[in-house]
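Quick look at run.cif (mmCIF, C-alpha atoms (C1' of nucleotides)):
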data_start
#
loop_
_atom_site.group_PDB
_atom_site.id
_atom_site.type_symbol
_atom_site.label_atom_id
_atom_site.label_comp_id
_atom_site.auth_asym_id
_atom_site.auth_seq_id
_atom_site.Cartn_x
_atom_site.Cartn_y
_atom_site.Cartn_z
ATOM 1 C CA MET A 1 -26.889 143.597 168.493
ATOM 2 C CA ARG A 2 -23.976 141.191 168.464
ATOM 3 C CA ILE A 3 -23.380 138.243 170.711
ATOM 4 C CA GLY A 4 -21.406 140.161 173.300
ATOM 5 C CA GLU A 5 -24.216 142.552 174.053
ATOM 6 C CA LEU A 6 -26.842 139.847 174.114
ATOM 7 C CA SER A 7 -24.614 137.895 176.425
ATOM 8 C CA GLU A 8 -24.326 140.786 178.835
ATOM 9 C CA ARG A 9 -27.958 141.754 178.748
ATOM 10 C CA THR A 10 -29.066 138.212 179.473
ATOM 11 C CA SER A 11 -26.260 137.173 181.787
ATOM 12 C CA THR A 12 -25.688 134.237 179.509
ATOM 13 C CA SER A 13 -22.320 133.143 178.233
ATOM 14 C CA ARG A 14 -21.579 133.440 174.527
ATOM 15 C CA ARG A 15 -20.957 129.754 174.550
ATOM 16 C CA LEU A 16 -24.516 129.113 175.664
ATOM 17 C CA LEU A 17 -26.031 131.500 173.180
ATOM 18 C CA ARG A 18 -24.291 129.605 170.404
ATOM 19 C CA TYR A 19 -25.462 126.377 171.951
ATOM 20 C CA TYR A 20 -29.065 127.558 172.065
ATOM 21 C CA GLU A 21 -28.808 128.478 168.424
ATOM 22 C CA GLU A 22 -27.370 125.085 167.610
ATOM 23 C CA GLN A 23 -30.343 123.558 169.404
ATOM 24 C CA GLY A 24 -32.739 125.644 167.377
ATOM 25 C CA LEU A 25 -33.968 127.760 170.278
ATOM 26 C CA ILE A 26 -32.895 131.076 168.838
ATOM 27 C CA VAL A 27 -31.890 132.331 165.421
ATOM 28 C CA SER A 28 -29.484 134.965 164.267
ATOM 29 C CA ARG A 29 -28.705 136.750 161.087
ATOM 30 C CA ARG A 30 -25.112 136.860 160.001
ATOM 31 C CA SER A 31 -23.258 139.863 158.730
ATOM 32 C CA PRO A 32 -20.873 139.252 155.800
ATOM 33 C CA ASN A 33 -17.994 138.690 158.167
ATOM 34 C CA GLY A 34 -19.868 135.859 159.849
ATOM 35 C CA TYR A 35 -20.758 137.713 163.030
ATOM 36 C CA ARG A 36 -24.096 136.859 164.544
ATOM 37 C CA HIS A 37 -26.599 139.661 164.758
ATOM 38 C CA TYR A 38 -29.583 139.520 167.059
ATOM 39 C CA ASP A 39 -32.933 141.177 167.147
ATOM 40 C CA GLU A 40 -33.923 143.157 170.202
ATOM 41 C CA ARG A 41 -36.630 140.612 170.989
ATOM 42 C CA LEU A 42 -34.006 137.975 171.555
ATOM 43 C CA VAL A 43 -33.271 139.420 174.981
ATOM 44 C CA ASP A 44 -36.629 138.354 176.321
ATOM 45 C CA ARG A 45 -36.507 135.143 174.414
ATOM 46 C CA VAL A 46 -33.211 134.135 175.937
ATOM 47 C CA LEU A 47 -34.438 134.968 179.418
ATOM 48 C CA GLN A 48 -37.482 132.849 178.784
ATOM 49 C CA ILE A 49 -35.305 129.978 177.673
ATOM 50 C CA ARG A 50 -33.156 130.235 180.742
ATOM 51 C CA GLY A 51 -36.156 130.272 183.004
ATOM 52 C CA LEU A 52 -37.542 127.157 181.409
ATOM 53 C CA LEU A 53 -34.213 125.373 181.505
ATOM 54 C CA ASP A 54 -33.905 126.274 185.132
ATOM 55 C CA ALA A 55 -37.365 124.870 185.692
ATOM 56 C CA GLY A 56 -36.201 121.545 184.403
ATOM 57 C CA LEU A 57 -37.365 121.540 180.802
ATOM 58 C CA PRO A 58 -34.900 120.195 178.263
ATOM 59 C CA THR A 59 -34.048 122.190 175.158
ATOM 60 C CA ARG A 60 -35.932 119.668 173.049
ATOM 61 C CA ILE A 61 -39.199 120.578 174.755
ATOM 62 C CA ILE A 62 -38.489 124.270 175.028
ATOM 63 C CA LYS A 63 -38.007 124.334 171.305
ATOM 64 C CA GLN A 64 -41.491 122.974 170.857
ATOM 65 C CA ILE A 65 -43.261 125.395 173.107
ATOM 66 C CA LEU A 66 -41.383 128.510 172.049
ATOM 67 C CA PRO A 67 -43.560 129.128 168.984
ATOM 68 C CA CYS A 68 -46.503 129.460 171.380
ATOM 69 C CA LEU A 69 -44.850 132.356 173.090
ATOM 70 C CA ASP A 70 -44.749 135.039 170.457
ATOM 71 C CA LYS A 71 -46.063 138.239 171.871
ATOM 72 C CA PRO A 72 -48.384 139.303 169.104
ATOM 73 C CA ARG A 73 -50.564 136.251 169.188
ATOM 74 C CA VAL A 74 -49.535 134.743 165.906
ATOM 75 C CA ILE A 75 -50.839 131.311 165.281
ATOM 76 C CA HIS A 76 -48.614 129.045 163.290
ATOM 77 C CA PHE A 77 -51.167 126.402 162.691
ATOM 78 C CA PRO A 78 -50.534 125.573 159.087
ATOM 79 C CA ASP A 79 -47.827 123.304 160.464
ATOM 80 C CA ALA A 80 -49.669 122.396 163.633
ATOM 81 C CA THR A 81 -50.406 118.753 163.109
ATOM 82 C CA PRO A 82 -52.815 117.094 165.534
ATOM 83 C CA GLU A 83 -49.963 115.064 166.902
ATOM 84 C CA MET A 84 -47.994 118.215 167.575
ATOM 85 C CA LEU A 85 -50.939 119.675 169.427
ATOM 86 C CA ALA A 86 -51.146 116.513 171.485
ATOM 87 C CA THR A 87 -47.493 116.890 172.369
ATOM 88 C CA LEU A 88 -48.098 120.451 173.440
ATOM 89 C CA GLU A 89 -50.999 119.409 175.581
ATOM 90 C CA LEU A 90 -48.964 116.714 177.210
ATOM 91 C CA GLU A 91 -46.174 119.116 177.894
ATOM 92 C CA ARG A 92 -48.543 121.685 179.290
ATOM 93 C CA ASP A 93 -49.857 119.077 181.695
ATOM 94 C CA ARG A 94 -46.358 118.209 182.784
ATOM 95 C CA MET A 95 -45.693 121.849 183.440
ATOM 96 C CA THR A 96 -48.794 121.926 185.585
ATOM 97 C CA GLU A 97 -47.519 118.961 187.543
ATOM 98 C CA ARG A 98 -44.188 120.659 188.070
ATOM 99 C CA ILE A 99 -45.969 123.781 189.207
ATOM 100 C CA GLU A 100 -48.058 121.900 191.719
ATOM 101 C CA CYS A 101 -45.080 120.027 193.060
ATOM 102 C CA LEU A 102 -43.087 123.211 193.428
ATOM 103 C CA ILE A 103 -45.945 125.026 195.125
ATOM 104 C CA ARG A 104 -46.521 122.217 197.596
ATOM 105 C CA ASN A 105 -42.896 122.078 198.539
ATOM 106 C CA ARG A 106 -42.325 125.786 198.581
ATOM 107 C CA ASP A 107 -45.285 126.235 200.876
ATOM 108 C CA ALA A 108 -43.903 123.566 203.168
ATOM 109 C CA VAL A 109 -40.596 125.390 203.308
ATOM 110 C CA SER A 110 -42.398 128.644 203.977
ATOM 111 C CA GLU A 111 -44.450 127.136 206.721
ATOM 112 C CA TYR A 112 -41.357 125.634 208.248
ATOM 113 C CA LEU A 113 -39.613 128.987 208.224
ATOM 114 C CA ASP A 114 -42.618 130.660 209.799
ATOM 115 C CA THR A 115 -42.791 128.077 212.526
ATOM 116 C CA VAL A 116 -39.135 128.288 213.309
ATOM 117 C CA ARG A 117 -39.273 132.032 213.537
ATOM 118 C CA THR A 118 -42.291 132.193 215.800
ATOM 119 C CA ASN A 119 -41.195 129.518 218.277
ATOM 120 C CA ARG A 120 -37.690 130.333 219.121
ATOM 121 C CA ARG A 121 -37.537 127.820 221.964
ATOM 122 C CA PRO A 122 -36.931 124.081 221.776
ATOM 123 C CA GLU A 123 -40.251 122.365 221.437
ATOM 124 C CA VAL A 124 -41.685 119.671 219.279
ATOM 125 C CA ALA A 125 -44.898 119.799 217.371
ATOM 126 C CA ALA A 126 -48.004 119.061 219.379
ATOM 127 C CA MET B 1 -39.764 96.980 202.782
ATOM 128 C CA ARG B 2 -36.703 96.188 200.746
ATOM 129 C CA ILE B 3 -35.338 98.055 197.775
ATOM 130 C CA GLY B 4 -37.245 96.070 195.190
ATOM 131 C CA GLU B 5 -40.621 96.966 196.602
ATOM 132 C CA LEU B 6 -39.716 100.601 197.091
ATOM 133 C CA SER B 7 -38.441 100.646 193.541
ATOM 134 C CA GLU B 8 -41.694 99.311 192.174
ATOM 135 C CA ARG B 9 -43.926 101.495 194.288
ATOM 136 C CA THR B 10 -42.086 104.636 193.264
ATOM 137 C CA SER B 11 -41.254 103.690 189.685
ATOM 138 C CA THR B 12 -37.667 104.427 190.523
ATOM 139 C CA SER B 13 -34.744 102.185 189.658
ATOM 140 C CA ARG B 14 -32.846 100.522 192.455
ATOM 141 C CA ARG B 15 -29.796 102.249 191.139
ATOM 142 C CA LEU B 16 -31.382 105.620 191.749
ATOM 143 C CA LEU B 17 -32.601 104.710 195.203
ATOM 144 C CA ARG B 18 -29.047 103.817 196.157
ATOM 145 C CA TYR B 19 -27.859 107.024 194.575
ATOM 146 C CA TYR B 20 -30.351 109.101 196.534
ATOM 147 C CA GLU B 21 -29.135 107.444 199.679
ATOM 148 C CA GLU B 22 -25.557 108.150 198.742
ATOM 149 C CA GLN B 23 -26.549 111.783 198.280
ATOM 150 C CA GLY B 24 -28.147 111.839 201.706
ATOM 151 C CA LEU B 25 -31.703 112.262 200.460
ATOM 152 C CA ILE B 26 -33.036 109.096 202.035
ATOM 153 C CA VAL B 27 -31.868 106.718 204.704
ATOM 154 C CA SER B 28 -32.264 103.019 205.226
ATOM 155 C CA ARG B 29 -31.690 100.544 207.968
ATOM 156 C CA ARG B 30 -29.721 97.453 207.168
ATOM 157 C CA SER B 31 -30.559 93.930 208.148
ATOM 158 C CA PRO B 32 -27.669 91.707 209.238
ATOM 159 C CA ASN B 33 -27.201 90.481 205.702
ATOM 160 C CA GLY B 34 -26.686 94.022 204.469
ATOM 161 C CA TYR B 35 -30.033 94.403 202.756
ATOM 162 C CA ARG B 36 -31.569 97.867 202.911
ATOM 163 C CA HIS B 37 -34.885 98.229 204.686
ATOM 164 C CA TYR B 38 -37.166 101.150 204.173
ATOM 165 C CA ASP B 39 -39.874 102.729 206.171
ATOM 166 C CA GLU B 40 -43.313 103.082 204.654
ATOM 167 C CA ARG B 41 -42.923 106.848 204.624
ATOM 168 C CA LEU B 42 -40.099 106.543 202.155
ATOM 169 C CA VAL B 43 -42.555 105.976 199.347
ATOM 170 C CA ASP B 44 -43.867 109.518 199.578
ATOM 171 C CA ARG B 45 -40.432 110.854 200.246
ATOM 172 C CA VAL B 46 -39.011 109.321 197.094
ATOM 173 C CA LEU B 47 -41.890 110.649 195.025
ATOM 174 C CA GLN B 48 -41.278 114.073 196.473
ATOM 175 C CA ILE B 49 -37.619 113.845 195.565
ATOM 176 C CA ARG B 50 -38.411 112.832 192.032
ATOM 177 C CA GLY B 51 -40.848 115.665 191.633
ATOM 178 C CA LEU B 52 -38.316 118.177 192.811
ATOM 179 C CA LEU B 53 -35.582 116.757 190.627
ATOM 180 C CA ASP B 54 -37.925 116.912 187.693
ATOM 181 C CA ALA B 55 -38.638 120.520 188.562
ATOM 182 C CA GLY B 56 -34.997 121.319 188.182
ATOM 183 C CA LEU B 57 -33.703 121.279 191.734
ATOM 184 C CA PRO B 58 -30.361 119.583 192.260
ATOM 185 C CA THR B 59 -29.944 116.954 194.963
ATOM 186 C CA ARG B 60 -27.824 119.357 196.975
ATOM 187 C CA ILE B 61 -30.772 121.714 197.394
ATOM 188 C CA ILE B 62 -33.359 119.026 197.804
ATOM 189 C CA LYS B 63 -31.346 117.663 200.669
ATOM 190 C CA GLN B 64 -31.584 121.003 202.398
ATOM 191 C CA ILE B 65 -35.291 121.469 202.053
ATOM 192 C CA LEU B 66 -36.312 117.904 202.831
ATOM 193 C CA PRO B 67 -36.208 118.394 206.614
ATOM 194 C CA CYS B 68 -38.898 121.035 206.164
ATOM 195 C CA LEU B 69 -41.216 118.507 204.648
ATOM 196 C CA ASP B 70 -41.940 116.145 207.487
ATOM 197 C CA LYS B 71 -45.635 115.570 207.766
ATOM 198 C CA PRO B 72 -46.072 115.941 211.479
ATOM 199 C CA ARG B 73 -44.688 119.430 211.709
ATOM 200 C CA VAL B 74 -41.524 118.669 213.571
ATOM 201 C CA ILE B 75 -39.126 121.511 213.848
ATOM 202 C CA HIS B 76 -35.483 120.639 213.796
ATOM 203 C CA PHE B 77 -34.178 123.955 214.844
ATOM 204 C CA PRO B 78 -31.488 123.001 217.273
ATOM 205 C CA ASP B 79 -29.286 122.829 214.196
ATOM 206 C CA ALA B 80 -31.036 125.595 212.303
ATOM 207 C CA THR B 81 -28.373 128.246 212.122
ATOM 208 C CA PRO B 82 -29.393 131.693 210.889
ATOM 209 C CA GLU B 83 -27.319 131.123 207.808
ATOM 210 C CA MET B 84 -29.168 127.922 207.101
ATOM 211 C CA LEU B 85 -32.454 129.742 207.408
ATOM 212 C CA ALA B 86 -31.195 132.322 204.968
ATOM 213 C CA THR B 87 -30.349 129.575 202.530
ATOM 214 C CA LEU B 88 -33.811 128.163 202.888
ATOM 215 C CA GLU B 89 -35.357 131.546 202.273
ATOM 216 C CA LEU B 90 -33.257 132.042 199.200
ATOM 217 C CA GLU B 91 -34.208 128.658 197.901
ATOM 218 C CA ARG B 92 -37.859 129.269 198.592
ATOM 219 C CA ASP B 93 -37.653 132.451 196.551
ATOM 220 C CA ARG B 94 -36.021 130.615 193.705
ATOM 221 C CA MET B 95 -38.812 128.090 193.789
ATOM 222 C CA THR B 96 -41.274 130.942 193.571
ATOM 223 C CA GLU B 97 -39.459 132.266 190.529
ATOM 224 C CA ARG B 98 -39.567 128.877 188.900
ATOM 225 C CA ILE B 99 -43.249 128.626 189.658
ATOM 226 C CA GLU B 100 -43.987 131.998 188.123
ATOM 227 C CA CYS B 101 -41.955 131.224 185.052
ATOM 228 C CA LEU B 102 -43.688 127.907 184.574
ATOM 229 C CA ILE B 103 -47.116 129.427 185.065
ATOM 230 C CA ARG B 104 -46.464 132.193 182.578
ATOM 231 C CA ASN B 105 -45.270 129.794 179.957
ATOM 232 C CA ARG B 106 -47.845 127.144 180.599
ATOM 233 C CA ASP B 107 -50.594 129.708 180.293
ATOM 234 C CA ALA B 108 -49.112 130.893 177.029
ATOM 235 C CA VAL B 109 -49.116 127.340 175.725
ATOM 236 C CA SER B 110 -52.686 126.899 176.899
ATOM 237 C CA GLU B 111 -53.782 130.080 175.248
ATOM 238 C CA TYR B 112 -52.072 129.049 172.077
ATOM 239 C CA LEU B 113 -53.845 125.731 172.097
ATOM 240 C CA ASP B 114 -57.158 127.404 172.716
ATOM 241 C CA THR B 115 -56.644 129.813 169.879
ATOM 242 C CA VAL B 116 -55.608 127.140 167.458
ATOM 243 C CA ARG B 117 -58.601 125.039 168.302
ATOM 244 C CA THR B 118 -61.008 127.945 168.086
ATOM 245 C CA ASN B 119 -59.725 129.012 164.688
ATOM 246 C CA ARG B 120 -59.765 125.461 163.490
ATOM 247 C CA ARG B 121 -63.434 125.093 164.251
ATOM 248 C CA PRO B 122 -65.009 128.527 164.005
ATOM 249 C CA GLU B 123 -68.471 126.964 164.054
ATOM 250 C CA VAL B 124 -68.035 125.708 167.620
ATOM 251 C CA ALA B 125 -66.465 128.887 168.899
ATOM 252 C CA ALA B 126 -68.551 130.049 171.796
ATOM 253 C "C1'" DT C 1 -29.558 70.839 196.714
ATOM 254 C "C1'" DC C 2 -30.079 73.646 192.998
ATOM 255 C "C1'" DG C 3 -31.667 77.583 190.561
ATOM 256 C "C1'" DA C 4 -34.310 81.767 190.254
ATOM 257 C "C1'" DA C 5 -34.972 86.059 192.206
ATOM 258 C "C1'" DC C 6 -33.315 89.336 194.944
ATOM 259 C "C1'" DG C 7 -29.789 91.940 197.341
ATOM 260 C "C1'" DA C 8 -24.889 94.307 197.580
ATOM 261 C "C1'" DT C 9 -20.815 96.896 195.677
ATOM 262 C "C1'" DC C 10 -18.053 98.816 192.067
ATOM 263 C "C1'" DA C 11 -17.032 100.702 187.804
ATOM 264 C "C1'" DC C 12 -17.654 102.325 183.386
ATOM 265 C "C1'" DA C 13 -20.726 104.969 180.100
ATOM 266 C "C1'" DC C 14 -23.896 108.340 178.452
ATOM 267 C "C1'" DG C 15 -26.600 112.548 177.534
ATOM 268 C "C1'" DG C 16 -27.402 117.262 178.413
ATOM 269 C "C1'" DA C 17 -26.055 121.884 179.899
ATOM 270 C "C1'" DT C 18 -22.019 124.356 180.495
ATOM 271 C "C1'" DG C 19 -16.946 125.824 180.890
ATOM 272 C "C1'" DT C 20 -12.637 126.458 178.716
ATOM 273 C "C1'" DC C 21 -9.059 126.563 175.619
ATOM 274 C "C1'" DA C 22 -6.784 126.670 171.062
ATOM 275 C "C1'" DG C 23 -6.264 128.670 166.615
ATOM 276 C "C1'" DG C 24 -7.770 132.004 163.683
ATOM 277 C "C1'" DG C 25 -10.603 136.079 161.438
ATOM 278 C "C1'" DT C 26 -12.389 141.265 161.763
ATOM 279 C "C1'" DC C 27 -12.362 145.855 163.048
ATOM 280 C "C1'" DG C 28 -11.636 150.238 165.125
ATOM 281 C "C1'" DA C 29 -8.351 153.320 167.495
ATOM 282 C "C1'" DC C 30 -3.973 154.920 167.949
ATOM 283 C "C1'" DG D 1 0.422 148.649 160.678
ATOM 284 C "C1'" DT D 2 -0.190 147.087 165.024
ATOM 285 C "C1'" DC D 3 -2.820 146.254 169.274
ATOM 286 C "C1'" DG D 4 -6.775 145.039 171.781
ATOM 287 C "C1'" DA D 5 -11.454 143.851 171.785
ATOM 288 C "C1'" DC D 6 -14.535 141.251 169.611
ATOM 289 C "C1'" DC D 7 -16.083 137.426 166.705
ATOM 290 C "C1'" DC D 8 -15.708 132.555 164.602
ATOM 291 C "C1'" DT D 9 -15.312 127.203 164.908
ATOM 292 C "C1'" DG D 10 -14.018 123.054 167.047
ATOM 293 C "C1'" DA D 11 -12.577 120.091 170.585
ATOM 294 C "C1'" DC D 12 -12.069 118.520 175.017
ATOM 295 C "C1'" DA D 13 -13.535 118.724 180.027
ATOM 296 C "C1'" DT D 14 -16.864 118.770 183.905
ATOM 297 C "C1'" DC D 15 -20.984 117.963 186.633
ATOM 298 C "C1'" DC D 16 -25.051 115.529 187.434
ATOM 299 C "C1'" DG D 17 -28.693 112.270 187.048
ATOM 300 C "C1'" DT D 18 -29.096 107.877 185.222
ATOM 301 C "C1'" DG D 19 -28.263 103.305 182.833
ATOM 302 C "C1'" DT D 20 -25.845 99.018 182.576
ATOM 303 C "C1'" DG D 21 -23.023 95.284 183.495
ATOM 304 C "C1'" DA D 22 -19.770 92.406 186.294
ATOM 305 C "C1'" DT D 23 -19.216 89.868 190.219
ATOM 306 C "C1'" DC D 24 -20.675 88.250 194.355
ATOM 307 C "C1'" DG D 25 -23.732 86.972 198.592
ATOM 308 C "C1'" DT D 26 -28.620 85.677 200.409
ATOM 309 C "C1'" DT D 27 -33.148 83.705 200.436
ATOM 310 C "C1'" DC D 28 -36.526 80.653 199.177
ATOM 311 C "C1'" DG D 29 -39.254 77.335 196.864
ATOM 312 C "C1'" DA D 30 -39.287 73.067 193.899
#
For the file at hand, write its structure as C-alpha cells.
Amino acid sequence: MRIGELSERTSTSRRLLRYYEEQGLIVSRRSPNGYRHYDERLVDRVLQIRGLLDAGLPTRIIKQILPCLDKPRVIHFPDATPEMLATLELERDRMTERIECLIRNRDAVSEYLDTVRTNRRPEVAA
Amino acid sequence: MRIGELSERTSTSRRLLRYYEEQGLIVSRRSPNGYRHYDERLVDRVLQIRGLLDAGLPTRIIKQILPCLDKPRVIHFPDATPEMLATLELERDRMTERIECLIRNRDAVSEYLDTVRTNRRPEVAA
DNA sequence: TCGAACGATCACACGGATGTCAGGGTCGAC
DNA sequence: GTCGACCCTGACATCCGTGTGATCGTTCGA
C-alpha cells in the first residue's frame, strides 16, 4: 500500500510516517516513480510505534526494541552484542518502572473516582 | 525546606521545580525574602510528577490527576463537576492503554532476551 | 566586611515530535 | 491534454520539557 492508505489505517499523518522512516523505525520499498510502498505488516508496526511514543519512549529507544517484536519469533542475534543486550535489559527495566508508576497512579485515580461516586455528600476522609 | 534541598532530594533541577510550580503542579510558601519553602510531602509529589512525565503524560494532565493522589484519602468534590469526572475517567482509561502497551512490549523484549540467551548457551537451557 | 553559596527573575536556546506550506512530479479519469 | 488526487522533498513553525546564563538580592561563616 502507499503512504496515503497507511496513513488512514493508522491515523497517522503522512508527515509522521516519513519521519518514522527517517528515524529508522519503519522501512519502505520505492516504486520507480519514487512512491513509498508499504507491507501489510507495517500497519501493526506503526500502531506499536505510536503506542510506545505515547508511553514516553523516544524514537531512539523504540528503534532498538523493535527488532524484538517480530511476530514469528526470529532472533537476530548474530548482531546482538552483549552491550546491546545490556541496553535492552536496561530499557526493559525502565519500561517496568513506567508500568508500575502508571499502575499506581491509575489505581489512585480509580479509587478517587469510586470514592467520589459513592459518597455524594460533603465529607472528609475519616 | 528550600529549593536546593528539594532539588537534591528529588534529583530535579531547580529550574524544573520552578517550572512545575509555574505549571501549577506544586505549590510553595514564600518567606519574607521571597525564598520558596516546601513541605516535606513535596518530595514524594515531585517524584510522582517526574514518573508521570516520564511515562508520557503532559503537565496539563498531571495537574488534573494530582488531586486524586493525596495520601490521606481526601475528597475534593465540592469542585468536582461531572465533566471533570469524565475527564478523569478518560485519562484513567488512557493510562490503562499505556500500561497495556508497555506490558505487551516489555514482555516481548523480555521474551526476546530469554530466547537469545537460551540459544546462546544451549547447554544451560533448562 | 567580604566572599561563597544560595535564592530570585528573566530570557534565550535546544531537542524531539509534529504541523504546515511551498514547489514540483505522477497518474488516472474525463 | 487537462484536472484532481496523490506522491515527493525541503524548510520553517510550534509546543513542551529542559538547560543555561545574566543579573541581582540574601544569608552566613571566616
Chain A near chain D within 9 Å: what's each residue's closest atom pair and its distance in Å to one decimal, counting only C-alpha atoms (C1' of nucleotides), ordered by chain then ascending residue number, as JSON lines?
{"residue": "A:Arg2", "atom": "CA", "partner": "D:DC7", "partner_atom": "C1'", "distance": 8.9}
{"residue": "A:Ile3", "atom": "CA", "partner": "D:DC7", "partner_atom": "C1'", "distance": 8.4}
{"residue": "A:Gly4", "atom": "CA", "partner": "D:DC6", "partner_atom": "C1'", "distance": 7.9}
{"residue": "A:Asn33", "atom": "CA", "partner": "D:DC7", "partner_atom": "C1'", "distance": 8.8}
{"residue": "A:Gly34", "atom": "CA", "partner": "D:DC8", "partner_atom": "C1'", "distance": 7.1}
{"residue": "A:Tyr35", "atom": "CA", "partner": "D:DC7", "partner_atom": "C1'", "distance": 6.0}
{"residue": "A:Arg36", "atom": "CA", "partner": "D:DC7", "partner_atom": "C1'", "distance": 8.3}
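Over all paired C-alpha atoms, chain A superimposes on chain B with an RMSD of 2.8 Å.
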* Please, what distance in Å, to one decimal, runs between atom CA of A:Pro67 and atom CA of A:Tyr38? -> 17.5 Å
* Show which residues sit within 12 Å of B:Asp93, as a list in words. Count only C-alpha atoms (C1' of nucleotides), and ignore same-chain residues fewer than 4 positions away. =>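 Residues meeting the cut-off are Leu102, Ile103, Asn105, Arg106, Asp107, Val109 and Ser110 of chain A; Ala86, Thr87, Leu88, Glu89, Glu97, Arg98, Ile99 and Glu100 of chain B.
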Write the selection just made, keeping C-alpha atoms, as a PDB file, in the coordinates of the input?
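File again.pdb, as written:
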ATOM      1  CA  LEU A 102     -43.087 123.211 193.428  1.00  0.00           C
ATOM      2  CA  ILE A 103     -45.945 125.026 195.125  1.00  0.00           C
ATOM      3  CA  ASN A 105     -42.896 122.078 198.539  1.00  0.00           C
ATOM      4  CA  ARG A 106     -42.325 125.786 198.581  1.00  0.00           C
ATOM      5  CA  ASP A 107     -45.285 126.235 200.876  1.00  0.00           C
ATOM      6  CA  VAL A 109     -40.596 125.390 203.308  1.00  0.00           C
ATOM      7  CA  SER A 110     -42.398 128.644 203.977  1.00  0.00           C
TER       8      SER A 110
ATOM      9  CA  ALA B  86     -31.195 132.322 204.968  1.00  0.00           C
ATOM     10  CA  THR B  87     -30.349 129.575 202.530  1.00  0.00           C
ATOM     11  CA  LEU B  88     -33.811 128.163 202.888  1.00  0.00           C
ATOM     12  CA  GLU B  89     -35.357 131.546 202.273  1.00  0.00           C
ATOM     13  CA  GLU B  97     -39.459 132.266 190.529  1.00  0.00           C
ATOM     14  CA  ARG B  98     -39.567 128.877 188.900  1.00  0.00           C
ATOM     15  CA  ILE B  99     -43.249 128.626 189.658  1.00  0.00           C
ATOM     16  CA  GLU B 100     -43.987 131.998 188.123  1.00  0.00           C
TER      17      GLU B 100
END
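The shortest atom-to-atom distance to chain C, with only C-alpha atoms (C1' of nucleotides) taken into account, belongs to A:Ser31 out of A:Thr115, A:Ser31, A:Gln48, A:Thr81.
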* **Residue nearest chain C - candidates A:Cys68, A:Glu83, A:Glu40, A:Leu16, atoms counted: all atoms listed in the file** => A:Leu16
* Quick one: pull the distance between atom CA of A:Ser28 and atom CA of A:Ile62, Å, one decimal. =>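 Rounded to one decimal, the two atoms are 17.6 Å apart.
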* Asked: With distances taken over all atoms listed in the file, which of A:Leu85, A:Leu90, A:Cys101, A:Ile26 is nearest to B:Leu53?
  ->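 Under the stated criterion, the closest residue is A:Cys101.
Once the PyMOL selection byres ((chain C and resi 20) around 10) is applied to the depicted file, the selected set reads Arg15 of chain A; DT18, DG19, DC21 and DA22 of chain C; DC12 and DA13 of chain D.
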* **Selected residue of minimal separation from B:Leu66 among A:Val43, A:Thr118, A:Tyr112, A:Met1, counting all atoms listed in the file** =>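 Selected residue with least distance to B:Leu66: A:Tyr112.
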